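Below is one structure, written out as structure tokens; comments come after it.
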Amino acid sequence: MGTWIITVKSGAPLGVDDETLGQMARDRAIQPDTVITDQDSQMSYPAGDIPGLFSHKSWVVGFVLSVLLGYLGVDRFYAGRAGLGVVKLLTVGGGGLWWIIDAVLFATKSARDGQGRRIANS
């Protein structure tokens with residue numbers, strides 16, 4: 001388990017473990033472009049480059065699929081949520097409402113992949 005150093009808005013460095021770092025990503029406390037330093041090696045990385053922290057899926061691709069083919073559930077299949085994709089397909093995007101909600105989720109980078117990670121990479 002690693003320890004990471006994040007510089008918070010107040011400017012004070014904050015040491016966190018892997019689990020806390022993951023929770024911060026889920027809570028939107030950090031973004032993919034937030035610079036994070038590995039305490040052991042003193043190497044700095046954008047948070048989006050740390051495996052498993054954010055989804056490897058692109059929110060831009062998800063948004064385009066959601067707008068163009070969201071009524072068929074293609075955006076949910078892309079995100080790795082096949083079960084919801086089938087339901088969305090059978091309900092024709094939830095009568096259009098689910099289709100709009102998913103487009104907004106992708107546009108605001110709030111959509112999640114099959115493992116629950118935020119799809120925020122471009």
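We name chains A, B, ... following the order of the structure tokens; residues begin at 1 in each chain, and ligands are numbered from 1 as shown.
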
**OP:** Based on DSSP run over this structure's backbone, return all residues of stretch 39-76 of chain A in strand (DSSP E or B), as number ranges by chain.
**Re:** A: 44-46, 58

Could you please take those selected residues and save C-alpha atoms as a compact mmCIF listing (two decimals), in the first residue's frame?
```txt
# COMPACT_ATOMS: atom_id res chain seq x y z
CA SER A 44 4.85 13.32 -9.26
CA TYR A 45 2.01 12.15 -11.48
CA PRO A 46 -1.36 13.45 -12.63
CA SER A 58 -13.20 8.54 -22.21
```

Find the spatial neighbours of A:Thr91, counting only C-alpha atoms, within a cut-off of 10 Å - ignore same-chain residues fewer than 5 positions away - and output them as a PDB file with C-alpha atoms, in the first residue's frame.
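Okay, this is what ended up in selection23.pdb:
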```pdb
ATOM      1  CA  TYR A  71     -31.726   5.596 -26.438  1.00  0.00           C
ATOM      2  CA  LEU A  72     -30.321   2.180 -27.422  1.00  0.00           C
ATOM      3  CA  GLY A  73     -28.164   1.901 -24.291  1.00  0.00           C
ATOM      4  CA  GLY A  85     -27.558  -1.181 -21.250  1.00  0.00           C
ATOM      5  CA  VAL A  86     -30.017  -4.001 -21.964  1.00  0.00           C
ATOM      6  CA  GLY A  96     -36.259   9.430 -23.392  1.00  0.00           C
ATOM      7  CA  TRP A  98     -32.973   8.100 -18.965  1.00  0.00           C
TER       8      TRP A  98
END
```

Original post:
If you run DSSP on this backbone, which residues of chain A come out as alpha helix (DSSP H), and could you give them as a ChimeraX atom specification?
Top reply: /A:18-26,59-69,74-78,82-90,92-95,97-107

List every residue of stretch 49-115 of chain A that has an atom at most 9 Å from any atom of stretch 24-42 of chain A, giving for each one its closest atom pair and the distance in Å to one decimal, counting only C-alpha atoms, sorted by chain and then by ascending residue number, as CSV.
```
residue,atom,partner,partner_atom,distance
A:Asp49,CA,A:Pro32,CA,7.6
A:Ile50,CA,A:Pro32,CA,9.0
A:Leu53,CA,A:Ala25,CA,6.6
A:Phe54,CA,A:Ala25,CA,7.1
A:Ser110,CA,A:Arg28,CA,8.9
```

Original post:
For the atom pair atom CA of A:Phe77 and atom CA of A:Asp18, what is the interatomic distance in Å to one decimal place?
Top reply: 28.4 Å

Name the residues in contact with A:Gly93 at a cut-off of 12 Å, using only C-alpha atoms, excluding same-chain residues fewer than 6 positions from it; report them as an mmCIF file with N, CA and C atoms, in the first residue's frame.
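After the write, result.cif holds the following:
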```cif
data_model
loop_
_atom_site.group_PDB
_atom_site.id
_atom_site.type_symbol
_atom_site.label_atom_id
_atom_site.label_comp_id
_atom_site.auth_asym_id
_atom_site.auth_seq_id
_atom_site.Cartn_x
_atom_site.Cartn_y
_atom_site.Cartn_z
ATOM 1 N N SER A 66 -23.751 8.701 -25.875
ATOM 2 C CA SER A 66 -24.984 8.952 -25.135
ATOM 3 C C SER A 66 -25.938 9.841 -25.927
ATOM 4 N N VAL A 67 -25.402 10.874 -26.537
ATOM 5 C CA VAL A 67 -26.244 11.787 -27.313
ATOM 6 C C VAL A 67 -26.778 11.107 -28.574
ATOM 7 N N LEU A 68 -25.904 10.401 -29.293
ATOM 8 C CA LEU A 68 -26.308 9.826 -30.581
ATOM 9 C C LEU A 68 -27.052 8.498 -30.461
ATOM 10 N N LEU A 69 -26.613 7.636 -29.546
ATOM 11 C CA LEU A 69 -27.178 6.286 -29.470
ATOM 12 C C LEU A 69 -27.623 5.900 -28.056
ATOM 13 N N GLY A 70 -27.778 6.899 -27.192
ATOM 14 C CA GLY A 70 -28.138 6.627 -25.805
ATOM 15 C C GLY A 70 -29.476 5.963 -25.640
ATOM 16 N N TYR A 71 -30.408 6.227 -26.536
ATOM 17 C CA TYR A 71 -31.726 5.596 -26.438
ATOM 18 C C TYR A 71 -31.648 4.096 -26.655
ATOM 19 N N LEU A 72 -30.532 3.613 -27.226
ATOM 20 C CA LEU A 72 -30.321 2.180 -27.422
ATOM 21 C C LEU A 72 -29.451 1.569 -26.319
ATOM 22 N N GLY A 73 -28.991 2.397 -25.384
ATOM 23 C CA GLY A 73 -28.164 1.901 -24.291
ATOM 24 C C GLY A 73 -26.695 1.724 -24.628
ATOM 25 N N VAL A 74 -26.279 2.201 -25.799
ATOM 26 C CA VAL A 74 -24.892 2.015 -26.242
ATOM 27 C C VAL A 74 -23.914 2.656 -25.253
ATOM 28 N N ASP A 75 -24.278 3.797 -24.676
ATOM 29 C CA ASP A 75 -23.396 4.455 -23.715
ATOM 30 C C ASP A 75 -23.169 3.598 -22.475
ATOM 31 N N ARG A 76 -24.187 2.896 -22.023
ATOM 32 C CA ARG A 76 -24.051 2.013 -20.857
ATOM 33 C C ARG A 76 -23.198 0.789 -21.197
ATOM 34 N N LEU A 84 -27.499 -2.696 -17.391
ATOM 35 C CA LEU A 84 -28.261 -1.454 -17.529
ATOM 36 C C LEU A 84 -28.426 -1.072 -18.998
ATOM 37 N N GLY A 85 -27.447 -1.442 -19.811
ATOM 38 C CA GLY A 85 -27.558 -1.181 -21.250
ATOM 39 C C GLY A 85 -28.721 -1.941 -21.860
ATOM 40 N N VAL A 86 -28.901 -3.195 -21.455
ATOM 41 C CA VAL A 86 -30.017 -4.001 -21.964
ATOM 42 C C VAL A 86 -31.351 -3.402 -21.519
ATOM 43 N N VAL A 87 -31.424 -3.019 -20.241
ATOM 44 C CA VAL A 87 -32.669 -2.411 -19.734
ATOM 45 C C VAL A 87 -32.969 -1.119 -20.479
ATOM 46 N N TRP A 99 -32.264 8.637 -21.196
ATOM 47 C CA TRP A 99 -31.343 9.055 -22.258
ATOM 48 C C TRP A 99 -30.784 10.441 -21.927
ATOM 49 N N ILE A 100 -31.625 11.370 -21.545
ATOM 50 C CA ILE A 100 -31.195 12.732 -21.212
ATOM 51 C C ILE A 100 -30.350 12.729 -19.936
ATOM 52 N N ILE A 101 -30.767 11.973 -18.937
ATOM 53 C CA ILE A 101 -30.022 11.917 -17.676
ATOM 54 C C ILE A 101 -28.609 11.405 -17.903
ATOM 55 N N ASP A 102 -28.470 10.346 -18.708
ATOM 56 C CA ASP A 102 -27.135 9.808 -18.972
ATOM 57 C C ASP A 102 -26.275 10.796 -19.751
ATOM 58 N N ALA A 103 -26.846 11.529 -20.686
ATOM 59 C CA ALA A 103 -26.084 12.531 -21.432
ATOM 60 C C ALA A 103 -25.551 13.597 -20.476
#
```

Original post:
Which distance in Å separates atom CA of A:Pro51 and atom CA of A:Gly80, to one decimal?
Top reply: 17.0 Å

Subject >> Residue contacts of A:Arg112 (10 Å, only C-alpha atoms) excluding same-chain residues fewer than 2 positions away, as a PyMOL selection string >> reply: chain A and resi 26+54-55+57+59+76+79-81+105-106+109-110+114-120

Okay, now the selection with N, CA and C atoms, as a PDB file, in the first residue's frame?
```pdb
ATOM      1  N   ARG A  26     -13.554   9.307  -6.010  1.00  0.00           N
ATOM      2  CA  ARG A  26     -14.997   9.061  -6.101  1.00  0.00           C
ATOM      3  C   ARG A  26     -15.808  10.265  -5.627  1.00  0.00           C
ATOM      4  N   PHE A  54      -9.159   6.345 -11.718  1.00  0.00           N
ATOM      5  CA  PHE A  54     -10.232   6.797 -12.595  1.00  0.00           C
ATOM      6  C   PHE A  54     -10.396   5.753 -13.688  1.00  0.00           C
ATOM      7  N   SER A  55     -11.543   5.737 -14.306  1.00  0.00           N
ATOM      8  CA  SER A  55     -11.792   4.795 -15.394  1.00  0.00           C
ATOM      9  C   SER A  55     -10.907   5.125 -16.588  1.00  0.00           C
ATOM     10  N   LYS A  57     -11.933   4.726 -19.515  1.00  0.00           N
ATOM     11  CA  LYS A  57     -12.887   5.131 -20.554  1.00  0.00           C
ATOM     12  C   LYS A  57     -12.849   6.650 -20.729  1.00  0.00           C
ATOM     13  N   TRP A  59     -14.709  10.195 -21.270  1.00  0.00           N
ATOM     14  CA  TRP A  59     -16.021  10.807 -21.070  1.00  0.00           C
ATOM     15  C   TRP A  59     -16.514  11.430 -22.368  1.00  0.00           C
ATOM     16  N   ARG A  76     -24.187   2.896 -22.023  1.00  0.00           N
ATOM     17  CA  ARG A  76     -24.051   2.013 -20.857  1.00  0.00           C
ATOM     18  C   ARG A  76     -23.198   0.789 -21.197  1.00  0.00           C
ATOM     19  N   ALA A  79     -19.659   1.937 -21.116  1.00  0.00           N
ATOM     20  CA  ALA A  79     -19.184   2.157 -19.754  1.00  0.00           C
ATOM     21  C   ALA A  79     -18.942   0.848 -18.999  1.00  0.00           C
ATOM     22  N   GLY A  80     -19.313  -0.274 -19.595  1.00  0.00           N
ATOM     23  CA  GLY A  80     -19.107  -1.563 -18.932  1.00  0.00           C
ATOM     24  C   GLY A  80     -20.263  -1.972 -18.046  1.00  0.00           C
ATOM     25  N   ARG A  81     -21.430  -1.407 -18.303  1.00  0.00           N
ATOM     26  CA  ARG A  81     -22.618  -1.721 -17.509  1.00  0.00           C
ATOM     27  C   ARG A  81     -23.667  -2.344 -18.429  1.00  0.00           C
ATOM     28  N   LEU A 105     -24.986  13.131 -17.233  1.00  0.00           N
ATOM     29  CA  LEU A 105     -23.967  12.487 -16.402  1.00  0.00           C
ATOM     30  C   LEU A 105     -22.617  12.452 -17.112  1.00  0.00           C
ATOM     31  N   PHE A 106     -22.614  12.107 -18.402  1.00  0.00           N
ATOM     32  CA  PHE A 106     -21.352  12.097 -19.137  1.00  0.00           C
ATOM     33  C   PHE A 106     -20.823  13.512 -19.327  1.00  0.00           C
ATOM     34  N   LYS A 109     -19.058  14.719 -16.295  1.00  0.00           N
ATOM     35  CA  LYS A 109     -18.031  13.776 -15.852  1.00  0.00           C
ATOM     36  C   LYS A 109     -18.432  13.078 -14.561  1.00  0.00           C
ATOM     37  N   SER A 110     -19.711  12.771 -14.428  1.00  0.00           N
ATOM     38  CA  SER A 110     -20.221  12.089 -13.242  1.00  0.00           C
ATOM     39  C   SER A 110     -20.573  10.634 -13.505  1.00  0.00           C
ATOM     40  N   GLY A 114     -18.188   0.147 -14.969  1.00  0.00           N
ATOM     41  CA  GLY A 114     -18.671  -1.072 -14.331  1.00  0.00           C
ATOM     42  C   GLY A 114     -18.053  -1.344 -12.971  1.00  0.00           C
ATOM     43  N   GLN A 115     -16.884  -0.757 -12.678  1.00  0.00           N
ATOM     44  CA  GLN A 115     -16.235  -0.930 -11.383  1.00  0.00           C
ATOM     45  C   GLN A 115     -16.532   0.231 -10.432  1.00  0.00           C
ATOM     46  N   GLY A 116     -17.385   1.145 -10.856  1.00  0.00           N
ATOM     47  CA  GLY A 116     -17.756   2.269 -10.001  1.00  0.00           C
ATOM     48  C   GLY A 116     -16.814   3.454 -10.056  1.00  0.00           C
ATOM     49  N   ARG A 117     -15.810   3.395 -10.945  1.00  0.00           N
ATOM     50  CA  ARG A 117     -14.858   4.506 -11.054  1.00  0.00           C
ATOM     51  C   ARG A 117     -15.435   5.588 -11.959  1.00  0.00           C
ATOM     52  N   ARG A 118     -15.173   6.838 -11.627  1.00  0.00           N
ATOM     53  CA  ARG A 118     -15.681   7.949 -12.419  1.00  0.00           C
ATOM     54  C   ARG A 118     -15.024   7.983 -13.783  1.00  0.00           C
ATOM     55  N   ILE A 119     -15.831   8.174 -14.824  1.00  0.00           N
ATOM     56  CA  ILE A 119     -15.316   8.310 -16.189  1.00  0.00           C
ATOM     57  C   ILE A 119     -15.033   9.788 -16.395  1.00  0.00           C
ATOM     58  N   ALA A 120     -13.778  10.173 -16.195  1.00  0.00           N
ATOM     59  CA  ALA A 120     -13.427  11.585 -16.254  1.00  0.00           C
ATOM     60  C   ALA A 120     -12.252  11.856 -17.189  1.00  0.00           C
TER      61      ALA A 120
END
```

Original post:
From the list A:Gly15, A:Gly62, A:Gly2, A:Gly52, which residue is nearest A:Val104 when using only C-alpha atoms?
Top reply: A:Gly62

**OP:** Rounded to one decimal place, report the atom CA of A:Ile6-atom CA of A:Thr108 distance in Å.
**Re:**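 Answer for the atom CA of A:Ile6 to atom CA of A:Thr108 separation: 23.5 Å.
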